[in-house]
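Listing of start_10.txt; format and content: compact mmCIF, C-alpha atoms.
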```txt
# COMPACT_ATOMS: atom_id res chain seq x y z
CA MET A 262 20.35 -24.21 17.25
CA ALA A 263 18.03 -21.48 18.58
CA GLU A 264 19.20 -19.09 15.87
CA GLN A 265 18.60 -21.74 13.20
CA SER A 266 15.10 -22.37 14.59
CA TRP A 267 14.32 -18.64 14.51
CA LEU A 268 15.53 -18.35 10.94
CA ARG A 269 13.61 -21.42 9.79
CA GLN A 270 10.41 -20.20 11.45
CA TYR A 271 10.87 -16.76 9.91
CA VAL A 272 11.32 -18.18 6.40
CA ILE A 273 8.23 -20.40 6.72
CA LEU A 274 5.98 -17.67 8.12
CA GLU A 275 7.21 -14.95 5.74
CA ARG A 276 6.79 -17.24 2.75
CA ALA A 277 3.20 -17.93 3.79
CA ALA A 278 2.53 -14.18 4.20
CA LEU A 279 3.98 -13.44 0.76
CA ARG A 280 2.01 -16.26 -0.87
CA ALA A 281 -1.20 -14.82 0.61
CA GLN A 282 -0.46 -11.40 -0.90
CA LEU A 283 0.45 -12.82 -4.31
CA GLN A 284 -3.03 -14.28 -4.76
CA TYR A 285 -4.12 -10.88 -6.07
CA ARG A 286 -1.89 -10.17 -9.07
CA VAL A 287 -3.36 -6.79 -10.03
CA ASN A 288 -3.00 -5.57 -6.48
CA PHE A 289 0.60 -6.83 -6.48
CA TRP A 290 1.64 -4.78 -9.50
CA THR A 291 -0.25 -1.62 -8.54
CA THR A 292 1.13 -1.72 -5.00
CA LEU A 293 4.64 -2.40 -6.29
CA MET A 294 4.51 0.62 -8.59
CA GLY A 295 2.99 2.65 -5.77
CA GLY A 296 6.07 1.96 -3.64
CA VAL A 297 8.37 3.04 -6.48
CA ALA A 298 6.31 6.19 -7.11
CA PHE A 299 6.19 7.19 -3.43
CA GLN A 300 9.95 7.02 -2.93
CA GLY A 301 10.58 8.29 -6.44
CA THR A 302 8.85 11.58 -5.70
CA GLN A 303 11.39 12.20 -2.93
CA LEU A 304 14.20 11.65 -5.39
CA LEU A 305 12.53 13.95 -7.92
CA PHE A 306 12.17 16.67 -5.29
CA LEU A 307 15.86 16.32 -4.48
CA GLY A 308 16.79 16.82 -8.13
CA VAL A 309 14.56 19.90 -8.45
CA LEU A 310 15.90 21.39 -5.21
CA LEU A 311 19.55 20.99 -6.16
CA GLY A 312 18.85 22.04 -9.72
CA LYS A 313 17.56 25.36 -8.41
CA PHE A 314 20.05 26.05 -5.61
CA GLY A 315 23.10 24.06 -6.75
CA LEU A 316 24.40 23.15 -3.28
CA ILE A 317 22.95 22.12 0.08
CA ALA A 318 25.25 22.99 2.98
CA GLY A 319 28.17 22.80 0.55
CA TRP A 320 27.12 19.40 -0.84
CA GLY A 321 26.46 18.97 -4.56
CA PHE A 322 23.99 16.69 -6.31
CA PRO A 323 26.26 13.59 -6.68
CA GLU A 324 27.06 13.66 -2.95
CA VAL A 325 23.53 14.33 -1.70
CA ALA A 326 22.09 11.78 -4.14
CA PHE A 327 24.53 9.21 -2.77
CA VAL A 328 23.40 9.90 0.82
CA PHE A 329 19.79 9.71 -0.33
CA ALA A 330 20.40 6.41 -2.13
CA MET A 331 21.99 4.92 0.99
CA ARG A 332 18.91 5.98 2.95
CA LEU A 333 16.61 4.36 0.38
CA ALA A 334 18.58 1.11 0.40
CA SER A 335 18.65 0.98 4.20
CA HIS A 336 14.91 1.66 4.36
CA ALA A 337 14.25 -1.11 1.85
CA LEU A 338 16.34 -3.57 3.84
CA TYR A 339 14.23 -2.69 6.89
CA VAL A 340 10.76 -2.56 5.40
CA VAL A 341 10.93 -5.79 3.33
CA PRO A 342 11.54 -8.17 6.27
CA PHE A 343 10.22 -6.02 9.15
CA GLY A 344 7.52 -3.79 7.63
CA ALA A 345 4.73 -5.74 9.34
CA LEU A 346 5.79 -4.24 12.68
CA MET A 347 3.71 -1.22 11.70
CA LEU A 348 0.59 -3.35 12.33
CA THR A 349 1.37 -3.88 16.02
CA ASP A 350 -0.96 -1.12 17.23
CA GLU A 351 -3.89 -2.78 15.48
CA ILE A 352 -2.98 -6.23 16.80
CA VAL A 353 -2.73 -4.97 20.39
CA ARG A 354 -5.86 -2.79 20.20
CA ASP A 355 -8.04 -5.56 18.72
CA GLY A 356 -6.84 -8.18 21.18
CA GLU A 357 -5.20 -10.34 18.50
CA PHE A 358 -2.05 -10.35 20.60
CA ASP A 359 -3.84 -12.87 22.86
CA ARG A 360 -3.48 -15.46 20.10
CA VAL A 361 0.12 -14.44 19.54
CA LEU A 362 0.90 -15.24 23.17
CA LEU A 363 -0.79 -18.65 22.93
CA ARG A 364 1.30 -19.88 19.99
CA PRO A 365 4.63 -21.66 20.66
CA VAL A 366 6.51 -19.15 18.48
CA ASN A 367 8.42 -16.05 19.56
CA PRO A 368 5.90 -13.14 19.72
CA PHE A 369 8.24 -10.73 17.97
CA LEU A 370 8.73 -13.19 15.13
CA GLN A 371 4.96 -13.50 14.76
CA LEU A 372 4.57 -9.73 14.53
CA VAL A 373 7.31 -9.50 11.91
CA THR A 374 5.66 -12.13 9.70
CA ARG A 375 2.07 -11.03 10.30
CA ARG A 376 1.73 -9.67 6.78
CA PHE A 377 4.06 -9.11 3.85
CA SER A 378 4.07 -5.54 2.54
CA LEU A 379 4.00 -5.58 -1.25
CA MET A 380 4.85 -1.87 -1.36
CA SER A 381 8.17 -2.73 0.29
CA LEU A 382 9.22 -4.52 -2.90
CA GLY A 383 8.83 -1.22 -4.73
CA ASP A 384 10.99 0.42 -2.08
CA ALA A 385 13.60 -2.30 -2.57
CA LEU A 386 13.55 -1.98 -6.35
CA LEU A 387 14.12 1.77 -6.26
CA GLY A 388 16.55 1.63 -3.32
CA ILE A 389 18.88 -0.91 -4.89
CA GLY A 390 18.69 0.77 -8.29
CA ALA A 391 19.41 4.22 -6.83
CA LEU A 392 22.32 2.92 -4.77
CA ILE A 393 23.96 1.29 -7.79
CA LEU A 394 23.40 4.35 -9.98
CA PHE A 395 24.50 7.06 -7.56
CA SER A 396 27.39 5.04 -6.14
CA ARG A 397 28.89 5.13 -9.62
CA GLN A 398 28.38 8.90 -9.85
CA ALA A 399 29.59 9.73 -6.34
CA PRO A 400 33.12 11.13 -5.96
CA VAL A 401 34.39 7.97 -4.29
CA ASP A 402 37.49 6.02 -5.27
CA TRP A 403 35.92 2.60 -4.81
CA SER A 404 37.86 -0.37 -3.44
CA VAL A 405 36.89 -3.71 -1.95
CA LEU A 406 37.19 -2.22 1.54
CA LYS A 407 34.93 0.72 0.71
CA ILE A 408 32.34 -1.53 -0.92
CA ALA A 409 32.33 -3.70 2.20
CA TYR A 410 31.93 -0.58 4.36
CA LEU A 411 29.02 0.57 2.19
CA LEU A 412 27.25 -2.76 2.62
CA LEU A 413 27.80 -2.68 6.39
CA ALA A 414 26.51 0.90 6.50
CA VAL A 415 23.32 -0.05 4.61
CA ILE A 416 22.73 -3.00 6.94
CA GLY A 417 23.43 -0.82 9.97
CA GLY A 418 20.97 1.80 8.74
CA SER A 419 18.26 -0.81 8.26
CA LEU A 420 18.81 -2.10 11.80
CA ILE A 421 18.38 1.43 13.18
CA GLU A 422 14.98 1.74 11.52
CA THR A 423 14.09 -1.74 12.76
CA GLY A 424 15.17 -0.82 16.29
CA ILE A 425 13.04 2.32 16.26
CA ALA A 426 10.02 0.36 14.96
CA THR A 427 10.58 -2.31 17.64
CA PHE A 428 10.68 0.37 20.32
CA PHE A 429 7.26 1.60 19.18
CA CYS A 430 5.98 -1.99 19.32
CA GLY A 431 6.96 -2.14 22.98
CA LEU A 432 5.39 1.25 23.60
CA ALA A 433 2.11 0.00 22.09
CA PHE A 434 1.67 -2.36 25.06
CA VAL A 435 1.22 0.62 27.40
CA ALA A 436 0.12 3.43 25.05
CA THR A 437 -2.18 1.27 22.85
CA SER A 438 -1.85 3.70 19.95
CA THR A 439 1.52 4.91 18.73
CA PHE A 440 0.28 5.85 15.26
CA SER A 441 1.10 9.56 15.49
CA LEU A 442 4.58 8.85 16.84
CA ARG A 443 5.24 6.30 14.11
CA ILE A 444 4.11 8.72 11.41
CA PHE A 445 6.29 11.46 12.88
CA ALA A 446 9.33 9.17 13.03
CA ASP A 447 8.80 7.72 9.55
CA SER A 448 8.18 11.15 8.02
CA SER A 449 11.27 12.60 9.70
CA ILE A 450 13.47 9.78 8.40
CA THR A 451 11.96 9.98 4.92
CA GLN A 452 12.21 13.75 4.59
CA PHE A 453 15.48 14.53 6.37
CA SER A 454 17.84 11.57 6.77
CA GLY A 455 18.83 11.61 3.10
CA TYR A 456 20.30 15.11 3.38
CA PRO A 457 23.42 16.59 5.04
CA LEU A 458 22.08 16.81 8.59
CA THR A 459 24.70 19.35 9.65
CA MET A 460 22.67 22.00 7.80
CA PHE A 461 20.20 22.05 10.72
CA GLY A 462 22.85 23.32 13.17
CA ARG A 463 24.73 21.59 15.96
CA PRO A 464 21.92 21.23 18.55
CA ALA A 465 19.63 19.53 16.01
CA PHE A 466 22.50 17.42 14.64
CA TYR A 467 23.40 16.13 18.11
CA ALA A 468 19.71 15.29 18.66
CA PHE A 469 19.80 13.30 15.41
CA CYS A 470 22.77 11.36 16.84
CA THR A 471 21.26 10.63 20.27
CA ALA A 472 17.54 11.10 21.00
CA PHE A 473 16.54 10.17 17.45
CA PRO A 474 19.61 8.55 15.86
CA MET A 475 18.74 8.92 12.17
CA ALA A 476 22.15 10.48 11.45
CA PHE A 477 23.57 6.94 11.61
CA ILE A 478 21.23 5.65 8.89
CA SER A 479 23.10 7.16 5.95
CA PHE A 480 24.64 10.58 6.58
CA LEU A 481 27.50 9.65 8.93
CA PRO A 482 28.74 6.58 7.00
CA ALA A 483 28.39 8.57 3.75
CA THR A 484 30.77 11.24 5.09
CA VAL A 485 33.36 8.48 5.59
CA LEU A 486 33.06 7.21 2.03
CA LEU A 487 32.98 10.74 0.59
CA ASN A 488 35.97 11.78 2.70
CA ARG A 489 33.97 14.54 4.38
CA THR A 490 34.29 13.57 8.04
CA ALA A 491 35.70 17.05 8.71
CA ASP A 492 32.19 18.41 8.12
CA VAL A 493 30.88 16.47 11.10
CA PRO A 494 31.25 17.81 14.69
CA LEU A 495 32.09 14.33 16.00
CA PRO A 496 35.35 12.45 16.58
CA THR A 497 36.48 10.79 13.34
CA TRP A 498 36.68 7.35 14.98
CA LEU A 499 33.03 7.63 16.05
CA THR A 500 31.93 8.62 12.56
CA ILE A 501 33.82 5.68 11.05
CA ALA A 502 32.20 3.32 13.58
CA SER A 503 28.69 4.62 12.77
CA PRO A 504 27.46 1.33 11.16
CA LEU A 505 27.82 -0.30 14.59
CA ALA A 506 25.00 1.89 15.88
CA GLY A 507 22.53 -0.34 14.01
CA PRO A 508 22.92 -3.49 16.14
CA LEU A 509 23.01 -1.33 19.29
CA VAL A 510 19.73 0.47 18.49
CA LEU A 511 18.06 -2.83 17.54
CA ALA A 512 19.24 -4.47 20.79
CA LEU A 513 17.88 -1.55 22.83
CA GLY A 514 14.57 -1.60 20.95
CA TYR A 515 14.15 -5.36 21.35
CA THR A 516 15.04 -5.20 25.06
CA PHE A 517 12.40 -2.51 25.54
CA PHE A 518 9.89 -4.66 23.63
CA ILE A 519 10.54 -7.67 25.88
CA ARG A 520 10.35 -5.54 29.04
CA MET A 521 7.06 -3.93 28.01
CA MET A 522 5.35 -7.12 26.81
CA PRO A 523 4.17 -8.15 30.32
CA SER A 524 2.30 -4.81 30.49
CA TYR A 525 -0.06 -5.97 27.73
CA THR A 526 -3.67 -6.09 28.85
CA SER A 527 -6.23 -7.94 26.76
CA PRO A 528 -9.19 -5.76 25.69
CA GLY A 529 -11.47 -8.58 26.82
CA SER A 530 -10.13 -8.68 30.37
```

Take the structure in the file and write it out as structure tokens.
Amino acid sequence: MAEQSWLRQYVILERAALRAQLQYRVNFWTTLMGGVAFQGTQLLFLGVLLGKFGLIAGWGFPEVAFVFAMRLASHALYVVPFGALMLTDEIVRDGEFDRVLLRPVNPFLQLVTRRFSLMSLGDALLGIGALILFSRQAPVDWSVLKIAYLLLAVIGGSLIETGIATFFCGLAFVATSTFSLRIFADSSITQFSGYPLTMFGRPAFYAFCTAFPMAFISFLPATVLLNRTADVPLPTWLTIASPLAGPLVLALGYTFFIRMMPSYTSPGS
């Protein structure tokens, strides 16, 4: 029953946030196209880069584009429902979290539904389109099992980004401003996670699997589907199980958020 209550509250609050944004139609369309253009430039850069050099760490355009498309789809699945978490610094700094604590609704749920990001719809449009297009071009012999694995991998990748964002929300209760850290994390994921991460060398790759687990967003599950697990310096079973990292990272991020919440101090106190 608790899960149903959470879901019902989320739908009601998110619908209200979306309705508020849709009052301004011109802003809706310009922001939507802005989201497509922002992510589209990354895809354009990828095409230019591979067009000039041919291969990246032994990976050709169809393979790298597939990894990139998985990253886009995972990001879209994160930013559409959870993009409002990026506003947590502002809410904590301005003391608006006082009102969050007074309402009989889970604080995390209130942060998630604080505002609906219209740009996220542009991310979703491009992410889904790119995944469909490049999945067809990727050297993968598709089956029902592989399609199911792809969907699980995209969901897992989105949960990793959500877990990282949730961790920063918890950190905001003690650091007040996590803007620079958020920008660094978001930029790193945007610029690097759509590429073969083994090209950075083993020390950096292991860091991408542990301290900052963006290798699990798209690269590791993509190696399974592309039959390139031999390229990865990890046990094959761990690479195959990479989509399970998503729920784990989210659970750790949410636990940290709950533990840090009592450290919140109202600016007016």

Considering only C-alpha atoms, give me a table of residues in region 426-461 of chain A that are at most 12 Å from region 466-485 of chain A, with the closest atom pair and distance in Å for each, as a Markdown table.
```
| residue | atom | partner | partner_atom | distance |
| --- | --- | --- | --- | --- |
| A:Phe428 | CA | A:Phe473 | CA | 11.8 |
| A:Phe445 | CA | A:Phe473 | CA | 11.3 |
| A:Ala446 | CA | A:Phe473 | CA | 8.5 |
| A:Asp447 | CA | A:Met475 | CA | 10.3 |
| A:Ser448 | CA | A:Met475 | CA | 11.6 |
| A:Ser449 | CA | A:Met475 | CA | 8.7 |
| A:Ile450 | CA | A:Met475 | CA | 6.5 |
| A:Thr451 | CA | A:Met475 | CA | 10.0 |
| A:Gln452 | CA | A:Met475 | CA | 11.1 |
| A:Phe453 | CA | A:Met475 | CA | 8.7 |
| A:Ser454 | CA | A:Met475 | CA | 6.1 |
| A:Gly455 | CA | A:Ser479 | CA | 6.8 |
| A:Tyr456 | CA | A:Phe480 | CA | 7.0 |
| A:Pro457 | CA | A:Phe480 | CA | 6.3 |
| A:Leu458 | CA | A:Phe466 | CA | 6.1 |
| A:Thr459 | CA | A:Phe466 | CA | 5.8 |
| A:Met460 | CA | A:Phe466 | CA | 8.2 |
| A:Phe461 | CA | A:Phe466 | CA | 6.5 |
```

What gap, in Å, lies between CA of Pro323 (chain A) and CA of Val341 (chain A)?
-> 26.7 Å

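The space between CA of Leu513 (chain A) and CA of Phe440 (chain A) spans 20.5 Å.
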
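By only C-alpha atoms, and with residues fewer than 4 positions from region 415-419 of chain A along its chain excluded, the set lying at most 6 Å from it is Ser335, His336, Leu338, Tyr339, Ile478, Pro504 and Gly507 of chain A.
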
Find the residues around Ala426 (chain A) up to 8 Å (all atoms listed in the file counted), leave out those fewer than 4 positions away in its own chain, and share them as a list in words.
-> Leu346, Met347, Glu422, Cys430, Arg443 and Gly514 of chain A
